[in-house]
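Here is the structure we will look at, set down as structure tokens.
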Amino acid sequence: MAQRAAGSIAIPAIIEGRRPRVLIIGGGFAGIHAALALAKLPVDITLIDRRNHFTFQPLLYQVALAVLSPANIAQPIRSIVRKKQNVEVLMDEAIRFDLDARRAYLKSGAMIDYDYLMLSAGATHSYFGHDEWAQYAPGLKTIEDALEIRRRVLLAFELAERQMLETGSHPPLNFVVIGGGPTGVELAGAISDIAKIYMRHDFRHINPAMARVLLLEGGPRILAAYPEELSRKAVQQLARLGVEVHTGVQVTDVKPGYVIAGERRLDSVVTLWAAGVQASPLGKLLGLETDRRGRVPISKTLNPPGHSEIFVCGDLASIEQGGHEVPGVAQPAMQMGKHVARMIAQDLAGKTRTTFHYFDKGDMATIGRMAAVANIKWPFRARWSGYPAWVAWLTIHIYFLIGFRNRLAVLFEWVWSYFTFTYGARLITGSHDLPGWNDLTSRKPEPEAARLETAAPGARAAS
Ligand SMILES: Cc1cc2nc3c(=O)[nH]c(=O)nc-3n(C[C@H](O)[C@H](O)[C@H](O)COP(=O)(O)OP(=O)(O)OC[C@H]3O[C@@H](n4cnc5c(N)ncnc54)[C@H](O)[C@@H]3O)c2cc1C
């Protein structure tokens with residue numbers, strides 16, 4: 001048996017000389033990268049996810065706005081780990097744990113014993129206690145969400161065309177996006193693109209370019225996590241696309257066909273939610289301490305207090321570095337997943353675990369078809385906006401997509417839509433009902449004076 005270093009972790013399986021069983025819950029960025037790295041070690045890995053596929057969430061908004069098809073950005077988990085003989089995949093959902101017995105209980109009724117448990121179940125939307133808003137303002141987290149958003153956005157134009165033909169008028173095509181973080185900015189820019197560029201020649205009775213896209217943000221500026229200079233640039237770039245940015249606007253109610261923002265009612269054919277995130281409830285199910293967003297506070301070796309055999313990673317984890325919270329984005333999730341494998345290798349070798357250090361390479365968000373903002377921190381420091389940032393965004397997203405076929409397919413779709421001004425995935429599937437449409441058609445058009453004018457001075461982008 002290997003000589004154990006002082007401070008090394010004693011895991012019973014290692015002491016007993018058997019292969020440790022590693023159970024990973026969640027096959028997202030953290031879980032997949034952990035499984036791929038762990039597969040090189042003498043351990044047996046079970047990876048459980050309630051879906052059969054990994055989703056590349058940074059490109060979900062492109063599925064929601066019909067640029068890409070779901071299969072372009074998702075990949076069956078089973079096929080990702082196909083060549084890793086010591087990794088088994090189960091499509092199931094973890095619902096309970098017995099931490100003393102080191103056992104996880106699954107929705108199917110099965111239970112699985114583990115030596116190591118890695119929790120990487122990610123996050124979901126938070127409607128700040130108003131879950132009833134979800135049906136009127138879907139958020140974007142899964143392929144299903146993206147398809148529902150695509151259905152609503154495309155359906156709004158179809159219904160307006162029919163209404164125009166039948167009655168000679170249609171309700172204002174207002175699209176309201178709530179939340180000015182990267183997802184809200186990307187959704188708003190992409191709705192504007194599809195309405196004003198990609199569909200402008202496709203209708204005979206309505207003019208899709210007349211659509212209004214409103215981005216509502218409760219705080220003083222959009223992209224609050226970015227340097228102020230890039231927030232300002234983002235507002236300018238959105239304005240060029242015709243997106244109206246309203247900051248300092250609190251949405252107090254969301255109803256079918258309208259939202260209440262401040263004192264005003266704002267008609268909306270499609271409302272989208274990009275305002276709040278809550279960690280997966282799995283953290284609470286562990287029975288350990290969680291913060292107000294449901295995340296599990298973890299140590300520098302990614303463990304919750306008192307449990308060196310459990311690792312919590314990605315959006316589910318709460319960890320600070322240099323006095324700041326490590327952000328809930330893909331890079332730290334991937335790095336944490338790989339670090340778990342590194343630490344288990346150190347346990348196996350009887351060495352002391354090294355602590356996790358997040359290597360921040362920067363952030364970027366796209367704004368429509370040819371612009372973006374990028375706060376680059378590696379391999380050099382730079383703040384870019386506009387076309388160069390967009391090219392950087394394209395390159396990095398192609399690089400990080402999982403699967404050669406997906407990279408090629410996405411590259412092809414982007415080049416095709418860039419030069420032909422067409423999107424290939426403009427399909428309406430599912431119901432033909434749009435919440436609130438009937439109310440909107442029976443209402444008089446919103447008077448100009450009732451338009452939202454509550455943006456903080458200088459923050460309003462629309463001219
Ligand atoms: C629309 C959108 C755009 C984004 N854009 C960017 C971006 O541009 N750049 C960036 O860096 N980050 C971006 N992010 C954030 C990034 O995607 C997340 O930080 C990252 O996915 C977190 O990885 P994770 O492994 O913690 O969780 P996830 O990748 O969310 O994976 C969690 C997995 O756990 C599974 N799961 C959940 N509960 C259970 C359960 N009980 N049992 C079994 N399985 C379960 C889920 O099905 C899922 O597959 C974006 C996120 C969204 C939603």
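Identifiers in the structure tokens: chain A, B, ... in order shown; residue index from 1 per chain; ligand index from 1 in order shown.
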Fill in: Within 6 Å of ligand 1 (only C-alpha atoms and all ligand atoms), residues as a PyMOL selection string
chain A and resi 25-31+48-51+54+57-58+60-61+92-95+120-123+140-141+183+282+314-316+328-331+333
Practice prompt. Might you pull out every residue within 7 Å of stretch 230-245 of chain A, with only C-alpha atoms counted and same-chain residues fewer than 5 positions away left off, and present them as a list in words?
Written response: Ala188, Gly189, Ser192, Val213, Leu214, Leu215, Leu216, Arg221, Ile222, Leu223, Ile367, Val373, Ser385, Arg460, Ala461 and Ala462 of chain A
Discussion item. Report, in Å to a single decimal, how far apart atom CA of A:Asn72 and atom CA of A:Ala409 are.
Written reply: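 The value is 6.4 Å.
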Item to complete: Write out as a ChimeraX atom specification all residues of stretch 9-166 of chain A that DSSP puts in helix (DSSP H, G or I) for this structure's backbone.
Response: /A:12-16,29-38,57-64,70-73,77-80,131-135,143-166
Practice prompt. Return as a PyMOL selection string the full set of residues in stretch 234-362 of chain A whose backbone-based DSSP assignment is strand (DSSP E or B).
Written response: chain A and resi 243-246+251-255+258-261+264-267+270-273+277-279+296-297+310-312+317-318+320-321+324-325+362
Discussion item. At a cut-off of 6 Å, using only C-alpha atoms, what residues contact stretch 375-384 of chain A? Leave out same-chain residues fewer than 6 positions from it and give the result as a VMD selection string.
Written reply: chain A and resid 361 to 363
Worksheet item: Residues at most 9 Å from stretch 420-432 of chain A, counting only C-alpha atoms, excluding those fewer than 2 positions away in the same chain, as a PyMOL selection string?
Response: chain A and resi 63+65-69+147-148+150-152+154-155+194+197-199+413-418+434
Restricting it to N, CA, C and O atoms, dump the selection as an mmCIF file, in the first residue's frame.
data_model
loop_
_atom_site.group_PDB
_atom_site.id
_atom_site.type_symbol
_atom_site.label_atom_id
_atom_site.label_comp_id
_atom_site.auth_asym_id
_atom_site.auth_seq_id
_atom_site.Cartn_x
_atom_site.Cartn_y
_atom_site.Cartn_z
ATOM 1 N N VAL A 63 -30.795 28.396 -30.322
ATOM 2 C CA VAL A 63 -31.872 27.444 -30.612
ATOM 3 C C VAL A 63 -33.209 28.159 -30.403
ATOM 4 O O VAL A 63 -34.136 28.025 -31.200
ATOM 5 N N LEU A 65 -33.914 31.174 -30.872
ATOM 6 C CA LEU A 65 -34.211 32.141 -31.940
ATOM 7 C C LEU A 65 -33.941 31.539 -33.312
ATOM 8 O O LEU A 65 -33.671 32.280 -34.269
ATOM 9 N N ALA A 66 -33.977 30.206 -33.400
ATOM 10 C CA ALA A 66 -34.039 29.488 -34.671
ATOM 11 C C ALA A 66 -32.756 29.532 -35.506
ATOM 12 O O ALA A 66 -32.764 29.125 -36.664
ATOM 13 N N VAL A 67 -31.647 29.993 -34.928
ATOM 14 C CA VAL A 67 -30.385 29.990 -35.684
ATOM 15 C C VAL A 67 -29.888 28.547 -35.803
ATOM 16 O O VAL A 67 -29.474 28.109 -36.877
ATOM 17 N N LEU A 68 -29.927 27.830 -34.673
ATOM 18 C CA LEU A 68 -29.404 26.461 -34.641
ATOM 19 C C LEU A 68 -30.507 25.488 -34.262
ATOM 20 O O LEU A 68 -31.512 25.877 -33.659
ATOM 21 N N SER A 69 -30.286 24.213 -34.596
ATOM 22 C CA SER A 69 -31.207 23.151 -34.182
ATOM 23 C C SER A 69 -30.711 22.553 -32.873
ATOM 24 O O SER A 69 -29.505 22.614 -32.591
ATOM 25 N N LEU A 147 -37.040 25.522 -27.179
ATOM 26 C CA LEU A 147 -38.059 25.227 -28.193
ATOM 27 C C LEU A 147 -39.369 25.949 -27.884
ATOM 28 O O LEU A 147 -40.082 26.388 -28.789
ATOM 29 N N GLU A 148 -39.684 26.096 -26.603
ATOM 30 C CA GLU A 148 -40.904 26.820 -26.231
ATOM 31 C C GLU A 148 -40.762 28.315 -26.575
ATOM 32 O O GLU A 148 -41.693 28.937 -27.087
ATOM 33 N N ARG A 150 -38.825 29.542 -28.930
ATOM 34 C CA ARG A 150 -38.878 29.611 -30.400
ATOM 35 C C ARG A 150 -40.327 29.548 -30.878
ATOM 36 O O ARG A 150 -40.747 30.319 -31.726
ATOM 37 N N ARG A 151 -41.099 28.641 -30.280
ATOM 38 C CA ARG A 151 -42.511 28.494 -30.659
ATOM 39 C C ARG A 151 -43.254 29.814 -30.447
ATOM 40 O O ARG A 151 -43.958 30.298 -31.330
ATOM 41 N N ARG A 152 -43.050 30.418 -29.277
ATOM 42 C CA ARG A 152 -43.811 31.644 -28.964
ATOM 43 C C ARG A 152 -43.412 32.804 -29.876
ATOM 44 O O ARG A 152 -44.271 33.547 -30.362
ATOM 45 N N LEU A 154 -41.964 32.801 -32.926
ATOM 46 C CA LEU A 154 -42.384 32.625 -34.325
ATOM 47 C C LEU A 154 -43.902 32.687 -34.450
ATOM 48 O O LEU A 154 -44.436 33.272 -35.396
ATOM 49 N N LEU A 155 -44.602 32.115 -33.451
ATOM 50 C CA LEU A 155 -46.069 32.111 -33.487
ATOM 51 C C LEU A 155 -46.618 33.536 -33.430
ATOM 52 O O LEU A 155 -47.620 33.842 -34.092
ATOM 53 N N ILE A 194 -33.915 38.551 -35.766
ATOM 54 C CA ILE A 194 -34.840 37.710 -36.539
ATOM 55 C C ILE A 194 -35.987 38.555 -37.086
ATOM 56 O O ILE A 194 -36.425 38.380 -38.223
ATOM 57 N N ILE A 197 -34.121 41.588 -39.564
ATOM 58 C CA ILE A 197 -33.262 41.191 -40.681
ATOM 59 C C ILE A 197 -33.757 39.904 -41.345
ATOM 60 O O ILE A 197 -34.073 39.881 -42.532
ATOM 61 N N TYR A 198 -33.875 38.846 -40.537
ATOM 62 C CA TYR A 198 -34.063 37.535 -41.148
ATOM 63 C C TYR A 198 -35.480 37.285 -41.677
ATOM 64 O O TYR A 198 -35.666 36.472 -42.574
ATOM 65 N N MET A 199 -36.497 37.979 -41.102
ATOM 66 C CA MET A 199 -37.865 37.698 -41.573
ATOM 67 C C MET A 199 -38.464 38.866 -42.338
ATOM 68 O O MET A 199 -39.642 38.847 -42.661
ATOM 69 N N GLU A 413 -23.840 26.355 -40.138
ATOM 70 C CA GLU A 413 -25.081 27.141 -39.960
ATOM 71 C C GLU A 413 -24.765 28.625 -39.852
ATOM 72 O O GLU A 413 -25.470 29.464 -40.401
ATOM 73 N N TRP A 414 -23.696 28.968 -39.108
ATOM 74 C CA TRP A 414 -23.349 30.381 -38.919
ATOM 75 C C TRP A 414 -22.924 31.029 -40.231
ATOM 76 O O TRP A 414 -23.352 32.121 -40.565
ATOM 77 N N VAL A 415 -22.065 30.321 -40.963
ATOM 78 C CA VAL A 415 -21.585 30.881 -42.232
ATOM 79 C C VAL A 415 -22.770 31.039 -43.193
ATOM 80 O O VAL A 415 -22.940 32.073 -43.835
ATOM 81 N N TRP A 416 -23.619 30.003 -43.221
ATOM 82 C CA TRP A 416 -24.779 30.014 -44.122
ATOM 83 C C TRP A 416 -25.696 31.203 -43.792
ATOM 84 O O TRP A 416 -26.083 31.975 -44.667
ATOM 85 N N SER A 417 -26.049 31.371 -42.516
ATOM 86 C CA SER A 417 -27.001 32.438 -42.168
ATOM 87 C C SER A 417 -26.340 33.813 -42.310
ATOM 88 O O SER A 417 -26.994 34.791 -42.660
ATOM 89 N N TYR A 418 -25.018 33.865 -42.097
ATOM 90 C CA TYR A 418 -24.315 35.147 -42.230
ATOM 91 C C TYR A 418 -24.394 35.664 -43.676
ATOM 92 O O TYR A 418 -24.656 36.832 -43.921
ATOM 93 N N LEU A 434 -50.987 31.202 -27.920
ATOM 94 C CA LEU A 434 -50.011 32.135 -27.347
ATOM 95 C C LEU A 434 -50.684 32.798 -26.149
ATOM 96 O O LEU A 434 -51.716 33.463 -26.329
#
Fill in: Surrounding residues of A:Pro281 excluding itself and chain neighbours under 3 positions, 7 Å, only C-alpha atoms, as a PyMOL selection string
chain A and resi 284-285+294
With C-alpha atoms kept, could you save the residues just selected as a short mmCIF file (atom, residue, chain, number, x, y, z; two decimals), in the first residue's frame?
data_model
loop_
_atom_site.label_atom_id
_atom_site.label_comp_id
_atom_site.auth_asym_id
_atom_site.auth_seq_id
_atom_site.Cartn_x
_atom_site.Cartn_y
_atom_site.Cartn_z
CA LYS A 284 -30.90 21.17 0.11
CA LEU A 285 -31.63 17.45 -0.33
CA GLY A 294 -29.62 27.21 -2.62
#
Worksheet entry | Polymer residues at most 10 Å from A:Ala101, only C-alpha atoms, same-chain spacing of 2 or more positions, as a ChimeraX atom specification | /A:97-99,103-104,113-115
Please produce an output containing N, CA and C atoms for each residue in the selection, written as an mmCIF file, in the first residue's frame.
data_model
loop_
_atom_site.group_PDB
_atom_site.id
_atom_site.type_symbol
_atom_site.label_atom_id
_atom_site.label_comp_id
_atom_site.auth_asym_id
_atom_site.auth_seq_id
_atom_site.Cartn_x
_atom_site.Cartn_y
_atom_site.Cartn_z
ATOM 1 N N PHE A 97 -30.381 11.347 -0.233
ATOM 2 C CA PHE A 97 -29.073 10.765 0.088
ATOM 3 C C PHE A 97 -29.067 10.282 1.531
ATOM 4 N N ASP A 98 -28.331 9.211 1.770
ATOM 5 C CA ASP A 98 -28.023 8.815 3.140
ATOM 6 C C ASP A 98 -26.512 8.989 3.264
ATOM 7 N N LEU A 99 -26.106 10.113 3.867
ATOM 8 C CA LEU A 99 -24.674 10.440 3.867
ATOM 9 C C LEU A 99 -23.876 9.475 4.738
ATOM 10 N N ARG A 103 -24.976 6.488 0.337
ATOM 11 C CA ARG A 103 -25.918 5.889 -0.604
ATOM 12 C C ARG A 103 -26.791 6.992 -1.192
ATOM 13 N N ALA A 104 -27.063 6.884 -2.515
ATOM 14 C CA ALA A 104 -27.965 7.836 -3.173
ATOM 15 C C ALA A 104 -29.215 7.088 -3.615
ATOM 16 N N ASP A 113 -24.647 2.864 -4.052
ATOM 17 C CA ASP A 113 -23.635 3.142 -3.031
ATOM 18 C C ASP A 113 -22.419 3.777 -3.674
ATOM 19 N N TYR A 114 -21.746 4.627 -2.924
ATOM 20 C CA TYR A 114 -20.572 5.304 -3.485
ATOM 21 C C TYR A 114 -19.465 5.387 -2.442
ATOM 22 N N ASP A 115 -18.259 5.588 -2.941
ATOM 23 C CA ASP A 115 -17.143 5.964 -2.058
ATOM 24 C C ASP A 115 -16.925 7.465 -2.157
#
Fewer than 2 positions away in the same chain doesn't count, so skip those; otherwise give me all residues within 12 Å of A:Val43, counting only C-alpha atoms, as a PDB file with C-alpha atoms, in the first residue's frame.
ATOM      1  CA  ALA A  13     -12.193   1.732  -0.421  1.00  0.00           C
ATOM      2  CA  ILE A  14      -8.563   2.798  -0.847  1.00  0.00           C
ATOM      3  CA  GLY A  17      -7.541  -2.002  -1.583  1.00  0.00           C
ATOM      4  CA  ARG A  18     -10.664  -2.032  -3.829  1.00  0.00           C
ATOM      5  CA  ARG A  19     -11.494   0.268  -6.728  1.00  0.00           C
ATOM      6  CA  PRO A  20     -13.394   3.285  -5.406  1.00  0.00           C
ATOM      7  CA  ARG A  21     -16.887   3.896  -6.822  1.00  0.00           C
ATOM      8  CA  VAL A  22     -17.398   7.480  -7.903  1.00  0.00           C
ATOM      9  CA  LEU A  23     -20.988   8.647  -8.299  1.00  0.00           C
ATOM     10  CA  ALA A  35     -16.067  11.897 -15.783  1.00  0.00           C
ATOM     11  CA  LEU A  36     -13.664  12.262 -18.722  1.00  0.00           C
ATOM     12  CA  ALA A  37     -10.741  13.051 -16.411  1.00  0.00           C
ATOM     13  CA  LEU A  38     -11.663  10.387 -13.831  1.00  0.00           C
ATOM     14  CA  ALA A  39     -11.912   7.735 -16.554  1.00  0.00           C
ATOM     15  CA  LYS A  40      -8.082   7.710 -16.646  1.00  0.00           C
ATOM     16  CA  LEU A  41      -7.926   6.530 -13.007  1.00  0.00           C
ATOM     17  CA  ILE A  45     -17.713   5.821 -12.321  1.00  0.00           C
ATOM     18  CA  THR A  46     -21.497   6.084 -12.492  1.00  0.00           C
ATOM     19  CA  LYS A  84     -14.448   5.110 -21.394  1.00  0.00           C
ATOM     20  CA  GLN A  85     -14.960   1.527 -20.221  1.00  0.00           C
ATOM     21  CA  ASN A  86     -15.037   2.429 -16.520  1.00  0.00           C
ATOM     22  CA  VAL A  87     -17.860   4.982 -16.936  1.00  0.00           C
ATOM     23  CA  GLU A  88     -21.514   3.873 -16.852  1.00  0.00           C
ATOM     24  CA  TYR A 114     -20.572   5.304  -3.485  1.00  0.00           C
ATOM     25  CA  ASP A 115     -17.143   5.964  -2.058  1.00  0.00           C
ATOM     26  CA  TYR A 116     -17.018   9.422  -3.607  1.00  0.00           C
ATOM     27  CA  ALA A 341     -10.345  14.001 -10.710  1.00  0.00           C
ATOM     28  CA  ILE A 344      -9.085  11.683  -6.254  1.00  0.00           C
ATOM     29  CA  ALA A 345      -5.825  10.792  -8.029  1.00  0.00           C
ATOM     30  CA  ASP A 347      -6.038  10.338  -2.611  1.00  0.00           C
ATOM     31  CA  LEU A 348      -5.157   7.179  -4.531  1.00  0.00           C
TER      32      LEU A 348
END
